[in-house]
Structure formats: structure tokens, C-alpha cells
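J.: Got a structure for you, questions after.
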2 protein chains.
Amino acid sequence: MDLALEHTLALTMADDRLGILEDATIGIDDGRIVAIGPSSQFEGTADRRIDASGTLTTPGLVDVHTHLGLTICRGGAQDVPEIEWMNRALGPLTEHLTAADLVVGARLGGLEALRSGVTTVGEYAANVDRLVDDALEPLGLRVVATETINAVAESTDELGPDDPYPLDETKGNAALERNEQLFDAYDDHERVTACYGPQALDMVPPDLLETIRDRAADRDRDIHMHVAQGARERRQIEARYGIGETTVSVLENLDLLEDNLLAAHLHDATPAERERLADAGVRMAANPSSIAAIDGITPPLTEYREFGGVAGIGTDQAPGPGGHDFLRELRTTSLLSKTDREDPTAFPAWQALRVATIGGARALGIDDQVGSLEVGKRADVVCFDLEHPSLAPTVSEPLHTAVPNLVYGATGGHLEWAIVEGEVVVDEGDVTTVDEARVLEEAQERAKSLFERVRADWQAADSELVGAVDDGWL
Amino acid sequence: MDLALEHTLALTMADDRLGILEDATIGIDDGRIVAIGPSSQFEGTADRRIDASGTLTTPGLVDVHTHLGLTICRGGAQDVPEIEWMNRALGPLTEHLTAADLVVGARLGGLEALRSGVTTVGEYAANVDRLVDDALEPLGLRVVATETINAVAESTDELGPDDPYPLDETKGNAALERNEQLFDAYDDHERVTACYGPQALDMVPPDLLETIRDRAADRDRDIHMHVAQGARERRQIEARYGIGETTVSVLENLDLLEDNLLAAHLHDATPAERERLADAGVRMAANPSSIAAIDGITPPLTEYREFGGVAGIGTDQAPGPGGHDFLRELRTTSLLSKTDREDPTAFPAWQALRVATIGGARALGIDDQVGSLEVGKRADVVCFDLEHPSLAPTVSEPLHTAVPNLVYGATGGHLEWAIVEGEVVVDEGDVTTVDEARVLEEAQERAKSLFERVRADWQAADSELVGAVDDGWL
């Protein structure tokens with residue numbers, strides 16, 4: 001076989017618990033897991049043997065909802081009111097972004113995610129193929145790529161919040177065609193798959209949504225959509241579909257509440273609506289740091305799981321929550337859940353690790369391929385150094401403290417090895433697939449130029465962040 | 001001079017903003033800052049010159065409230081109900097701790113704190129001198145040491161929650177005498193000072209508190225005390241002092257609400273009481289991750305600062321919140337504040353950095369010595385690598401994105417240099433004062449032995465965490 005990862009503490013997620021295996025060895029061949037079990041029973045020879053003693057090994061972490069290209073805008077939009085974030089803080093930046101800026105941003109954001117143990121990202125972007133081909137695929141990540149389908153006509157500046165955005169059918173159809181091309185482009189790709197990406201109910205006309213629904217059903221594809229993400233959307237839905245209608249009620253009428261739907265956010269739905277979604281098999285992408293930073297809200301992840309819903313966690317975008325360190329995101333998710341529920345037992349460490357692995361894989365519809373360490377599955381495997389000041393000490397009796405210590409203690413930077421589809425992409429802490437210094441240098445150059453171009457527009461938008469600059473804070 | 005740190009982006013905190021200086025050089029001699037300003041105007045020669053280009057430099061971070069010795073118990077007490085945490089999860093562990101275990105734990109926890117940019121800790125422990133002398137002082141940290149004064153008689157197992165704990169005057173007085181010895185022991189120490197540590201109102205008799213109050217006033221010392229930390233304390237105060245009395249009302253009657261009091265927690269006080277404390281000049285130690293993890297509560301830090309109160313942030317102890325990564329704590333503090341207030345502008349990045357530096361120094365009463373980068377102050381200085389996947393890119397126009405990126409992007413592991421009292425204790429990311437591998441190894445050995453000794457008692461206490469182990473989760 002190609003590779004044997006030896007003498008690690010493994011969390012396999014192979015049953016409905018964590019599948020803890022002490023002193024385990026994992027055999028990998030041709031991109032698949034071919035053996036996993038006690039090191040003492042391991043048979044076979046490997047071209048490469050890694051002594052992973054002193055590490056904790058889990059399935060590669062799954063970051064279900066990201067806009068990695070926006071990492072180039074890190075630091076340009078945070079600490080502002082929710083109503084300002086999109087249009088007055090981030091908006092002036094995104095209007096000036098070039099395709100090359102987004103590629104460089106995705107490379108940086110992907111690198112950060114990878115360094116924290118992420119092996120799969122659910123990347124959501126317009127012209128997502130560029131980010132996949134030029135940034136994420138070369139990094140060695142697995143990608144579930146979603147093409148943003150947005151039909152909102154170009155200038156909506158003159159509209160009040162209760163005037164429905166004009167929708168441009170041609171624009172929407174063009175985006176759908178780009179989306180269709182993804183399925184062909186990645187048809188045989190080992191690490192890239194695609195799904196449909198109608199951005200949100202207020203941004204796509206209903207007939208286009210029906211087309212997407214029918215095609216997704218015919219072709220057995222998933223739909224990844226932002227659902228019930230706040231007051232702006234709520235007002236648009238009432239303006240377009242009538243008072244009393246909500247995103248969930250309209251999606252239900254359109255027969256879109258099916259088990260091939262991955263719904264991001266959901267904080268602006270009611271508990272009753274979320275229960276309907278969970279019952280319908282709709283999967284949830286929760287983005288706790290992002291929604292806390294931008295909206296001041298804890299997403300209803302704990303509740304959704306109590307309703308029996310399948311859920312994964314995403315880091316969304318860097319501007320706002322700060323970045324794509326996924327281990328940190330697990331800790332944040334747990335602490336936000338505990339304070340939201342006023343219950344320190346909410347979202348315990350073991351649940352966090354299941355949601356981060358097999359849960360995320362289910363949310364993205366790829367749990368037949370990844371999300372657990374089992375013979376036959378694709379070899380996406382990450383090893384964290386337990387001999388680290390933020391994780392040590394660890395004991396195995398009377399409980400495996402490595403489990404809480406990974407969730408509450410660790411952050412990115414404790415990763416020793418990452419293997420995706422059998423390829424070692426992080427080796428003794430070093431990323432093997434890209435020149436990390438060059439990624440940082442490119443990002444620095446691009447950001448400097450971007451913020452120079454953006455400067456006047458960003459200031460003119462006059463967000464509270466501009467006020468803080470004027471007031472001498474930044 | 002001894003040292004020049006050249007070409008860094010400095011946040012001096014020297015005025016009531018962040019004091020941003022681009023391309024700054026900081027000159028250090030004999031433990032003090034002797035020059036700070038634009039590199040182009042720097043004069044003088046230094047025995048050592050550090051090229052700090054590409055870094056962000058701040059005053060050393062101040063972690064105002066820690067129990068670092070307990071790091072040895074990391075992973076043994078979390079994800080349990082508040083009522084169980086102290087007595088049924090952590091308690092069985094602490095009962096078996098030896099003095100040597102605590103020293104090894106403090107060395108590990110101090111190392112973790114230092115690695116995240118902390119140069120001062122407000123360590124709170126019984127026999128705190130051992131932790132200072134054998135762990136924290138040799139690490140190179142600055143310490144404000146507090147001796148725990150607890151007069152609760154040994155066995156309180158048979159008592160109901162509304163039976164006042166019997167208090168043992170002899171025990172309390174002995175602790176006070178240990179506390180007094182600290183002042184002599186560290187009288188001339190450049191990096192260690194001490195304050196009085198009555199643990200909490202329910203654990204110390206009122207006459208002992210009055211003695212402490214009078215001595216602190218006579219000798220110009222601070223008092224560091226846990227105040228209004230939850231239901232258990234509230235019930236004890238009513239049982240001891242009468243229905244309707246609260247910790248704050250009793251402390252007020254005892255004339256303890258003065259500007260030499262540092263009050264940890266405060267989440268179980270009312271807003272009106274907290275306003276009284278802020279008005280009286282009482283300082284607050286907020287421990288957001290700890291209180292979120294253990295109580296499911298966001299501490300009232302934002303409110304306390306709105307009342308005009310002085311506040312610092314602490315990481316408390318590793319079991320529960322997971323550890324002492326202080327940069328991570330800043331981000332957590334901000335996200336918890338935003339969700340608690342349902343306001344994404346709450347506790348913005350710039351406030352976080354002021355609270356982490358000069359705010360913490362004020363909280364510990366050492367802002368005349370540290371907390372800002374100014375000529376004459378003690379040279380506690382930390383430099384973070386901006387060329388890192390979690391911090392990059394950074395621009396200086398139209399805003400200094402390094403500020404939000406440090407708070408929302410960074411975690412421990414991005415530290416390049418730490419200087420305490422002029423001594424370089426972290427040099428190009430390596431800790432110079434201790435053998436890090438040996439610290440980890442010792443902690444591992446000690447923890448293994450501790451958890452073996454504790455095992456039966458920990459299981460017998462039958463917390464929900466034991467239930468999770470029995471249920472196959474851990």
C-alpha cells in the first residue's frame with residue numbers, strides 16, 4: 001500500500017459515537033482507506049510509514065459553507081451594524097474585486113482552512129470554477145463547488161428596502177448555465193463535485209427556482225441556498241410574495257423543501273419553520289462566528305439538531321468573523337451554543353467533533369465518500385499534535401481528554417499531517433502543495449492594490465467603521 | 001542600549017486610542033523603554049537589533065485572572081451542568097492534586113499564555129508563592145500574585161446548599177499570614193507583586209474581611225476577590241447575612257467597595273449593583289470563555305465598561321474553557337458580547353486591544369509600570385507575525401486592518417517575540433526561558449498519575465461527564 005499512519009489515537013466516527021481507537025494504524029492505498037485497526041494487528045507493507053505517536057487522528061474536517069475568495073478583504077468589514085455590513089462595509093470592496101483578487105483570496109483562505117484540519121470545503125461563489133481550478137484544487141482540498149445564481153439586476157441603489165429588487169431573467173439563466181457546466185467539468189474529478197446554487201429566495205425568480213428544482217431532482221444533485229438570513233430578505237419576500245409569506249412558506253409552496261436542499265443560516269426562520277425543514281430532511285449549514293460577528297445572533301444549530309435535522313458548520317467569509325480556522329470555529333460554536341441556551345452542557349465536545357466530520361459530510365451529501373475513517377472510504381485524514389501547550393496533557397482514563405482538549409484547547413497550527421484522497425498535503429506541519437510564503441506575498445500585494453482602488457468608495461459609504469477611522473481608532 | 005526592535009507597526013496605547021505608529025522602532029535599556037518613535041528618527045546604538053518588519057507590536061498582554069496550576073487537569077471537567085462543575089467534575093481532581101502537580105500545571109499554562117502574547121498574569125492560588133517561584137517567575141512572566149484566603153472548614157459534604165458553611169478562623173488567619181509573607185518575599189522583585197486574596201464573601205468571615213480591608217488601606221495594597229459568581233454564593237449569603245442581602249450589599253456594609261478592589265466575575269450581581277461598583281471605582285476581571293463554558297453565561301463586561309468601570313480580561317482555568325490562549329480569548333469576548341447584546345458593534349476590535357493591554361494593567365493596578373509603550377515604562381513588549389495565513393493580508397489605508405485581524409484572525413502561535421522587563425523570553429517564536437518539550441513531558445507524566453489516582457473518586461462523583469463516558473462518548 002502507499003501509506004501507513006501508525007500508532008495514533010484515532011477517532012473514526014464509524015459508529016454513532018466517536019469510534020475511539022487507541023494505538024491505531026491506518027493503511028492507505030490508491031486514495032482509499034484499506035485498513036484501520038489496532039497497530040498490533042496491522043499487516044501489510046507500506047511505501048511510506050508515518051510514526052504518528054503522540055497525535056490524535058480524525059477524518060478530515062468538513063467546512064460546509066465558505067466564500068474563500070473574500071479572504072482578500074479580511075479586516076475591511078466588521079464591527080458595524082448588521083444593516084451596514086453588506087452594502088456599506090463589504091460592498092465597496094467586493095465591487096472592486098477582480099477575478100485574480102478572488103483567486104488569490106481563495107488560495108489564502110483555503111490555506112488557512114487546510115492548516116486547521118479542513119480537507120473539504122463547500123465553496124460558494126460566482127465563477128466558482130476559477131477558484132476551484134486556480135486555487136482550491138491545486139492546494140489539494142476536496143471541494144463541493146456551488147455556483148452562485150443571482151438574478152438581481154445591476155443597480156438597486158435607488159430602491160427602498162420594501163421595493164422588490166428587479167430580477168433579470170437573462171442574468172439568472174446565464175448563471176444557471178455556468179452552474180450546469182460545473183457538473184460536466186468535474187464529472188470524473190476525484191476531489192471536486194458540484195451542486196446548484198440559487199443564492200437566496202429574494203434574488204432568484206420563482207420560475208428559475210422551479211427549473212433548478214426539477215433539474216436537481218432529475219440529475220440527483222443537491223441545492224445549496226442561503227435561507228432566512230435576515231430582515232432584508234424577510235421584507236423582500238413580503239414585498240414580492242405578499243404579506244404573511246416567508247422564505248420557508250414560499251419554498252414549501254415551490255416544493256423545494258426536500259432532502260437535497262442544504263440551507264445556510266436559518267436564523268430568521270421561526271422554530272416551527274425550522275422543525276418543518278428538519279422533518280423534510282433539509283440539511284443546515286450553520287456559520288456561528290460569521291452570524292455572531294455580522295448579526296449579533298447565535299445560529300439555531302443546537303435546536304436544529306434537536307429537531308433531528310442534519311447539520312454542518314461553516315466559516316463563511318473572513319471579513320467579519322476573521323478567518324477560516326475551523327478548530328477555533330468548533331470551540332466558538334460550543335461557547336455560543338452554551339450561552340444561547342444558558343446551558344453549559346449544550347453542544348459538548350463530542351457532538352462538535354461528529355458535526356465537524358461525518359455531520360459536515362452528510363450536510364454536503366458526500367458521506368458515502370468521506371467523513372469517517374472506514375475501509376473503502378476516500379482517505380481524507382488529519383493528525384493533530386497532542387504534545388502542544390494548548391492541548392497537553394492528555395489521558396485515556398477515566399476519559400479521553402484529547403476529545404475536549406481538541407475542541408476547547410486547539411486552534412489551527414497544531415496540525416501535523418493532512419492527507420486528502422491519499423495524498424499528503426500537510427507533512428510534519430508544512431504544506432506541500434503550495435509555496436506558502438508566495439501565497440502570503442501575493443495576497444499582500446493584491447490587497448494593497450485593492451484597498452487603494454476601493455479607498456474613496458469605502459470612505460464615501462460612511463459606515464460606522466469609517467466613523468471609527470475618522471475618530472482615530474483605526 | 002540593550003535592544004532595539006526596529007521597523008514594526010506599533011500600537012502604543014499611549015493616548016486614549018491605540019497610538020498607531022507605522023515603521024516604529026522601540027529602544028530598550030535596563031528593562032525599560034528608553035525610546036519609541038519613527039524608525040527614521042531613531043538615534044542610538046543597541047547591543048542587539050531585531051528587524052521586526054512585517055510584525056505588529058503591542059504592549060505585553062495582561063491576563064488579569066488565572067488559576068494556571070489547574071492546567072494539569074485540562075479535559076477533566078467541562079460539558080457538565082453548572083451545579084456539577086466545581087464539586088462533581090473538577091472537585092475530585094483538585095482533591096488529589098499535589099504541590100508538584102500544580103507547579104507543573106502552572107508551568108504549562110504559563111507557557112501557553114506566554115505563547116499567545118501574555119506577559120503579565122494575575123495568578124490566584126493557595127500557596128501561590130510556589131507557583132510563582134517554581135513556574136511563573138522562571139518562565140519570565142510578570143506576576144501579580146494573589147494568595148487564596150479561604151476559611152471554609154474542611155468537610156462540608158453533609159451540608160445542604162442553604163446551610164452556611166462552617167468557617168474556621170484559624171484556617172483563615174493562616175492563609176492571611178501566608179498572604180502577608182508575599183509582600184515581603186517580593187518586595188524588591190522587578191516582576192512580581194502581590195495583593196490580598198479573600199476568595200469570596202461566602203468563604204471568609206466578616207471580621208477577617210475587615211482586617212484585610214484595613215491592612216490593604218494602610219499598606220496601599222489591592223484586594224482581588226471573586227464576587228457574585230453564582231447561585232451557590234447567593235444562597236450562602238442569604239443564609240449567613242439574612243434574606244435580601246447580597247454579596248454586593250454586604251461588601252458595601254463592610255466598606256469594601258473601594259477602588260483597590262478587583263472583583264472577578266460579577267455575573268450574579270444586578271445591573272444596579274454593578275453600576276454601584278463601577279461608580280465606586282471597583283475594577284472588574286471578566287472571564288468570558290470560562291463563564292460561558294461553566295455557567296452558560298456571558299459576563300457583563302460591555303455593560304460594566306458602559307458604566308465607566310475599569311475592566312480586564314482573564315482566562316481563569318483550563319478545565320472548562322480549555323486553556324490560556326489570550327488572543328483567542330479576545331475574539332471570544334467580542335463574539336459573546338455581540339450575541340449577548342444582539343449588536344455586532346459591541347466590543348469592537350479596538351476596544352478589545354485596549355482592554356487586553358492598558359485596561360488589564362489598570363485592573364491589576366500596575367498601569368504606572370506596564371500596559372502601554374511609553375518611555376520610562378517597563379519593557380513588556382510583544383510582536384506578532386502579520387505574514388501568517390490567519391492574519392494576512394494587512395493594509396494601512398483606508399484603515400489599519402492589522403487591528404481587526406489580530407483580534408478576529410489571530411490565535412496563539414503567531415507570536416514572534418516577547419520581551420518582559422527587557423528580557424527576550426520568546427525569540428523568533430521559540431521560548432528561551434524553559435525547555436518546552438520538557439514542560440510538556442512533565443505535564444504528561446503528572447497528569448497520567450493524577451488521573452489514575454483520581455479515577456475512582458471522579459467516577460463515583462457521577463457527573464454528567466461520567467454519564468457520557470459510560471454512554472460510550474469519551
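Naming scheme: A, B, ... for chains in displayed order of the C-alpha cells; residues 1 onward per chain; ligands 1 onward as shown.
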Using only C-alpha atoms, which protein or nucleic acid residues come within 8 Å of Val355 (chain B)? Drop anything in the same chain fewer than 6 positions from it, and give the result as a PyMOL selection string.

T.: chain B and resi 311-313

J.: Write the residues of the preceding selection, restricted to N, CA, C and O atoms, as a short mmCIF file (atom, residue, chain, number, x, y, z; two decimals), in the first residue's frame.

T.:
data_model
loop_
_atom_site.label_atom_id
_atom_site.label_comp_id
_atom_site.auth_asym_id
_atom_site.auth_seq_id
_atom_site.Cartn_x
_atom_site.Cartn_y
_atom_site.Cartn_z
N ALA B 311 -12.00 47.54 33.51
CA ALA B 311 -12.12 46.08 33.41
C ALA B 311 -10.95 45.49 32.65
O ALA B 311 -10.41 46.11 31.75
N GLY B 312 -10.59 44.28 33.05
CA GLY B 312 -9.62 43.48 32.31
C GLY B 312 -10.22 42.12 32.02
O GLY B 312 -11.31 41.79 32.51
N ILE B 313 -9.51 41.33 31.23
CA ILE B 313 -9.98 40.01 30.82
C ILE B 313 -9.06 38.94 31.39
O ILE B 313 -7.84 39.12 31.42
#

J.: Counting only C-alpha atoms, a student should be able to say which residues of chain A come within 6 Å of chain B; what is the right answer, written as a VMD selection string?

T.: chain A and resid 17 75 79 to 81 112 292 to 297 322 to 323 335 338 to 339 342 to 345 348 389 393 395 398 to 401 404 to 405 408 to 409 443 to 444 448 455 473 to 474

J.: Would you output that residue set with N, CA, C and O atoms, as a compact mmCIF listing (two decimals), in the first residue's frame?

T.:
# COMPACT_ATOMS: atom_id res chain seq x y z
N ARG A 17 -20.91 6.88 17.68
CA ARG A 17 -20.12 7.59 18.68
C ARG A 17 -18.88 8.12 17.97
O ARG A 17 -18.93 8.40 16.78
N GLY A 75 -10.51 42.12 7.24
CA GLY A 75 -10.27 43.35 8.01
C GLY A 75 -11.00 44.57 7.48
O GLY A 75 -10.99 45.61 8.12
N ASP A 79 -17.46 44.92 12.93
CA ASP A 79 -17.78 45.89 13.98
C ASP A 79 -18.70 47.00 13.47
O ASP A 79 -18.60 48.15 13.93
N VAL A 80 -19.59 46.66 12.54
CA VAL A 80 -20.59 47.60 12.02
C VAL A 80 -21.98 47.02 12.25
O VAL A 80 -22.13 45.81 12.42
N PRO A 81 -23.03 47.88 12.24
CA PRO A 81 -24.39 47.34 12.38
C PRO A 81 -24.71 46.37 11.24
O PRO A 81 -24.19 46.52 10.13
N GLU A 112 -5.49 28.64 5.02
CA GLU A 112 -5.81 28.77 6.44
C GLU A 112 -6.72 27.62 6.90
O GLU A 112 -6.49 27.02 7.96
N ALA A 292 -22.60 35.56 14.39
CA ALA A 292 -22.35 36.33 15.62
C ALA A 292 -21.70 37.66 15.29
O ALA A 292 -22.09 38.70 15.82
N ALA A 293 -20.70 37.64 14.42
CA ALA A 293 -19.95 38.86 14.13
C ALA A 293 -20.77 39.85 13.33
O ALA A 293 -20.68 41.06 13.54
N ILE A 294 -21.58 39.36 12.40
CA ILE A 294 -22.27 40.25 11.47
C ILE A 294 -23.66 40.62 11.96
O ILE A 294 -24.12 41.74 11.77
N ASP A 295 -24.34 39.68 12.59
CA ASP A 295 -25.73 39.90 13.02
C ASP A 295 -25.91 39.98 14.53
O ASP A 295 -26.98 40.36 14.99
N GLY A 296 -24.90 39.58 15.29
CA GLY A 296 -25.08 39.53 16.74
C GLY A 296 -26.03 38.43 17.17
O GLY A 296 -26.71 38.54 18.19
N ILE A 297 -26.07 37.36 16.38
CA ILE A 297 -27.03 36.27 16.61
C ILE A 297 -26.28 34.93 16.67
O ILE A 297 -25.33 34.72 15.92
N GLY A 322 -13.36 36.91 10.75
CA GLY A 322 -11.90 36.95 10.81
C GLY A 322 -11.15 35.89 10.04
O GLY A 322 -10.00 36.10 9.71
N GLY A 323 -11.77 34.73 9.78
CA GLY A 323 -11.00 33.73 9.03
C GLY A 323 -11.59 32.35 9.07
O GLY A 323 -12.75 32.16 9.44
N LEU A 335 -19.24 27.47 22.66
CA LEU A 335 -19.44 28.52 23.67
C LEU A 335 -20.66 29.37 23.34
O LEU A 335 -21.42 29.75 24.23
N LYS A 338 -23.71 27.35 24.29
CA LYS A 338 -23.90 27.28 25.73
C LYS A 338 -24.53 28.57 26.27
O LYS A 338 -25.44 28.53 27.10
N THR A 339 -24.05 29.72 25.80
CA THR A 339 -24.63 30.97 26.30
C THR A 339 -26.02 31.19 25.71
O THR A 339 -26.91 31.69 26.39
N GLU A 342 -28.17 29.10 27.66
CA GLU A 342 -27.89 29.23 29.10
C GLU A 342 -27.71 27.84 29.71
O GLU A 342 -28.25 27.53 30.78
N ASP A 343 -26.94 27.01 29.01
CA ASP A 343 -26.77 25.62 29.41
C ASP A 343 -25.37 25.14 29.05
O ASP A 343 -25.05 24.94 27.88
N PRO A 344 -24.52 24.98 30.07
CA PRO A 344 -23.14 24.58 29.78
C PRO A 344 -22.99 23.17 29.20
O PRO A 344 -21.89 22.80 28.78
N THR A 345 -24.08 22.41 29.15
CA THR A 345 -23.98 21.09 28.52
C THR A 345 -24.32 21.15 27.02
O THR A 345 -24.20 20.14 26.33
N PRO A 348 -21.70 19.72 23.40
CA PRO A 348 -20.45 19.27 24.02
C PRO A 348 -19.40 18.88 22.97
O PRO A 348 -19.71 18.74 21.79
N PRO A 389 1.33 23.04 23.86
CA PRO A 389 0.90 23.73 25.09
C PRO A 389 -0.60 23.98 25.20
O PRO A 389 -1.09 24.19 26.31
N PRO A 393 -1.97 18.30 28.97
CA PRO A 393 -1.69 16.87 28.82
C PRO A 393 -2.95 16.13 28.38
O PRO A 393 -4.05 16.66 28.49
N VAL A 395 -4.97 12.23 28.70
CA VAL A 395 -5.00 10.90 29.30
C VAL A 395 -6.13 10.11 28.65
O VAL A 395 -7.04 10.71 28.04
N PRO A 398 -9.79 8.37 33.30
CA PRO A 398 -11.10 7.71 33.12
C PRO A 398 -11.89 8.25 31.93
O PRO A 398 -13.01 7.80 31.72
N LEU A 399 -11.33 9.19 31.21
CA LEU A 399 -11.98 9.65 29.96
C LEU A 399 -10.88 10.04 29.00
O LEU A 399 -9.74 10.33 29.42
N HIS A 400 -11.19 10.08 27.71
CA HIS A 400 -10.21 10.53 26.72
C HIS A 400 -10.22 12.05 26.67
O HIS A 400 -11.05 12.64 25.97
N THR A 401 -9.31 12.66 27.41
CA THR A 401 -9.31 14.13 27.46
C THR A 401 -8.87 14.74 26.13
O THR A 401 -9.08 15.94 25.93
N PRO A 404 -12.17 16.65 24.51
CA PRO A 404 -12.41 18.05 24.86
C PRO A 404 -11.20 18.95 24.58
O PRO A 404 -11.38 20.12 24.20
N ASN A 405 -10.01 18.44 24.74
CA ASN A 405 -8.85 19.30 24.54
C ASN A 405 -8.70 19.73 23.08
O ASN A 405 -8.28 20.86 22.81
N TYR A 408 -11.77 22.40 22.78
CA TYR A 408 -11.70 23.62 23.59
C TYR A 408 -10.29 24.20 23.66
O TYR A 408 -10.13 25.38 23.96
N GLY A 409 -9.27 23.37 23.43
CA GLY A 409 -7.90 23.85 23.56
C GLY A 409 -7.24 24.23 22.25
O GLY A 409 -6.55 25.23 22.16
N ALA A 443 -1.06 37.72 -1.74
CA ALA A 443 -2.24 38.26 -1.08
C ALA A 443 -1.96 39.68 -0.60
O ALA A 443 -2.80 40.58 -0.72
N GLN A 444 -0.77 39.87 -0.06
CA GLN A 444 -0.39 41.20 0.42
C GLN A 444 -0.40 42.22 -0.72
O GLN A 444 -0.95 43.30 -0.59
N LYS A 448 -3.18 45.30 -1.07
CA LYS A 448 -2.72 46.69 -1.06
C LYS A 448 -3.34 47.44 -2.24
O LYS A 448 -3.90 48.53 -2.09
N ARG A 455 -10.55 52.75 -1.73
CA ARG A 455 -10.50 53.73 -0.65
C ARG A 455 -11.60 54.78 -0.69
O ARG A 455 -12.36 54.95 0.28
N TRP A 473 -9.45 55.69 15.69
CA TRP A 473 -9.28 54.36 16.27
C TRP A 473 -8.49 53.40 15.39
O TRP A 473 -7.88 52.48 15.89
N LEU A 474 -8.59 53.59 14.08
CA LEU A 474 -8.02 52.58 13.18
C LEU A 474 -7.14 53.19 12.10
O LEU A 474 -7.06 52.69 11.01

J.: CA of Gly314 (chain B) and CA of Gly140 (chain B) are how many Å apart?

T.: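 These atoms are spaced 18.9 Å apart.
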
J.: Expressed in Å to a single decimal, how great is the separation between CA of Asp162 (chain B) and CA of Leu201 (chain B)?

T.: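 Spanning CA of Asp162 (chain B) to CA of Leu201 (chain B) is a straight-line distance of 14.9 Å.
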
J.: Give me the residues near Thr433 (chain B) as a PyMOL selection string, where near means some atom within 7 Å (using only C-alpha atoms) and where sequence neighbours in that chain fewer than 6 positions away do not count.

T.: chain B and resi 138-140+425

J.: Please produce a file of the residues just selected, as a PDB file, in the first residue's frame, where the atoms kept are all heavy atoms.

T.:
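What ended up in part-v2.pdb:
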ATOM      1  N   PRO B 138      10.385  31.766  36.698  1.00  0.00           N
ATOM      2  CA  PRO B 138      11.402  31.235  35.775  1.00  0.00           C
ATOM      3  C   PRO B 138      10.989  31.287  34.304  1.00  0.00           C
ATOM      4  O   PRO B 138      11.847  31.387  33.436  1.00  0.00           O
ATOM      5  CB  PRO B 138      11.568  29.774  36.240  1.00  0.00           C
ATOM      6  CG  PRO B 138      11.094  29.747  37.654  1.00  0.00           C
ATOM      7  CD  PRO B 138      10.002  30.765  37.727  1.00  0.00           C
ATOM      8  N   LEU B 139       9.685  31.237  34.034  1.00  0.00           N
ATOM      9  CA  LEU B 139       9.223  31.382  32.642  1.00  0.00           C
ATOM     10  C   LEU B 139       9.511  32.773  32.096  1.00  0.00           C
ATOM     11  O   LEU B 139       9.542  32.986  30.891  1.00  0.00           O
ATOM     12  CB  LEU B 139       7.710  31.157  32.569  1.00  0.00           C
ATOM     13  CG  LEU B 139       7.176  29.834  32.061  1.00  0.00           C
ATOM     14  CD1 LEU B 139       5.664  29.793  32.259  1.00  0.00           C
ATOM     15  CD2 LEU B 139       7.511  29.615  30.595  1.00  0.00           C
ATOM     16  N   GLY B 140       9.668  33.731  33.003  1.00  0.00           N
ATOM     17  CA  GLY B 140       9.917  35.109  32.583  1.00  0.00           C
ATOM     18  C   GLY B 140       8.693  35.981  32.607  1.00  0.00           C
ATOM     19  O   GLY B 140       8.729  37.128  32.171  1.00  0.00           O
ATOM     20  N   VAL B 425      12.060  36.754  26.005  1.00  0.00           N
ATOM     21  CA  VAL B 425      11.645  35.435  26.509  1.00  0.00           C
ATOM     22  C   VAL B 425      11.039  34.561  25.414  1.00  0.00           C
ATOM     23  O   VAL B 425      10.965  33.347  25.561  1.00  0.00           O
ATOM     24  CB  VAL B 425      10.693  35.544  27.722  1.00  0.00           C
ATOM     25  CG1 VAL B 425      11.430  36.151  28.907  1.00  0.00           C
ATOM     26  CG2 VAL B 425       9.465  36.359  27.389  1.00  0.00           C
TER      27      VAL B 425
END

J.: Find the spatial neighbours of Ala35 (chain B), counting only C-alpha atoms, within a cut-off of 7 Å - ignore same-chain residues fewer than 4 positions away - and output them as a ChimeraX atom specification.

T.: /B:26-28,375

J.: I'd like the contact shell of Gln229 (chain B) - 9 Å cut-off, only C-alpha atoms, skipping same-chain residues fewer than 4 positions apart - returned as a list of chain:residue names.

T.: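 Contacts, in chain order: B:Ala200, B:Glu233, B:Arg234, B:Ala264, B:His265, B:Leu266, B:His267, B:Asp268, B:Ala269.
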
J.: Would you please give, as a list in words, all residues of region 175-233 of chain B that DSSP assigns to strand (DSSP E or B) based on the backbone?

T.: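 Here are the strand (DSSP E or B) residues of region 175-233 of chain B: Val192, Thr193, Ala194, Cys195, Tyr196, Pro198, Ala200, Ile223, His224, Met225, His226 and Val227 of chain B.
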
J.: For Arg219 (chain A), work out the shell of residues within 12 Å, counting only C-alpha atoms and skipping chain neighbours fewer than 3 positions away, then give it as a PDB file with N, CA and C atoms, in the first residue's frame.

T.:
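Saved to selection-v7.pdb:
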ATOM      1  N   GLU A 180     -24.460  24.634 -14.665  1.00  0.00           N
ATOM      2  CA  GLU A 180     -24.546  23.345 -15.373  1.00  0.00           C
ATOM      3  C   GLU A 180     -23.181  22.871 -15.856  1.00  0.00           C
ATOM      4  N   PHE A 183     -20.994  20.592 -13.615  1.00  0.00           N
ATOM      5  CA  PHE A 183     -21.232  19.149 -13.498  1.00  0.00           C
ATOM      6  C   PHE A 183     -20.412  18.386 -14.543  1.00  0.00           C
ATOM      7  N   ALA A 194     -20.096  19.149  -7.596  1.00  0.00           N
ATOM      8  CA  ALA A 194     -20.786  20.436  -7.722  1.00  0.00           C
ATOM      9  C   ALA A 194     -22.230  20.302  -7.293  1.00  0.00           C
ATOM     10  N   CYS A 195     -22.818  21.450  -6.926  1.00  0.00           N
ATOM     11  CA  CYS A 195     -24.264  21.462  -6.731  1.00  0.00           C
ATOM     12  C   CYS A 195     -24.849  22.779  -7.203  1.00  0.00           C
ATOM     13  N   TYR A 196     -26.168  22.853  -7.239  1.00  0.00           N
ATOM     14  CA  TYR A 196     -26.851  24.060  -7.691  1.00  0.00           C
ATOM     15  C   TYR A 196     -26.833  25.132  -6.598  1.00  0.00           C
ATOM     16  N   ILE A 212     -34.505  24.842 -11.498  1.00  0.00           N
ATOM     17  CA  ILE A 212     -33.401  24.263 -10.719  1.00  0.00           C
ATOM     18  C   ILE A 212     -33.897  23.049  -9.937  1.00  0.00           C
ATOM     19  N   ARG A 213     -35.059  23.213  -9.302  1.00  0.00           N
ATOM     20  CA  ARG A 213     -35.638  22.099  -8.534  1.00  0.00           C
ATOM     21  C   ARG A 213     -35.797  20.853  -9.395  1.00  0.00           C
ATOM     22  N   ASP A 214     -36.359  21.032 -10.608  1.00  0.00           N
ATOM     23  CA  ASP A 214     -36.620  19.873 -11.479  1.00  0.00           C
ATOM     24  C   ASP A 214     -35.315  19.248 -11.984  1.00  0.00           C
ATOM     25  N   ARG A 215     -34.373  20.101 -12.350  1.00  0.00           N
ATOM     26  CA  ARG A 215     -33.109  19.551 -12.840  1.00  0.00           C
ATOM     27  C   ARG A 215     -32.361  18.817 -11.732  1.00  0.00           C
ATOM     28  N   ALA A 216     -32.377  19.412 -10.536  1.00  0.00           N
ATOM     29  CA  ALA A 216     -31.684  18.768  -9.408  1.00  0.00           C
ATOM     30  C   ALA A 216     -32.290  17.391  -9.127  1.00  0.00           C
ATOM     31  N   ASP A 222     -27.607  18.165  -5.482  1.00  0.00           N
ATOM     32  CA  ASP A 222     -28.044  18.954  -4.330  1.00  0.00           C
ATOM     33  C   ASP A 222     -28.202  20.425  -4.697  1.00  0.00           C
ATOM     34  N   ILE A 223     -28.970  21.110  -3.861  1.00  0.00           N
ATOM     35  CA  ILE A 223     -29.159  22.564  -3.986  1.00  0.00           C
ATOM     36  C   ILE A 223     -28.650  23.210  -2.705  1.00  0.00           C
ATOM     37  N   ASN A 260     -32.612  17.129  -0.639  1.00  0.00           N
ATOM     38  CA  ASN A 260     -31.423  17.536  -1.404  1.00  0.00           C
ATOM     39  C   ASN A 260     -31.106  19.021  -1.227  1.00  0.00           C
TER      40      ASN A 260
END

J.: Using CA of Leu353 (chain B) and CA of Val118 (chain A) as the two end points, give the distance in Å to one decimal.

T.: 29.2 Å
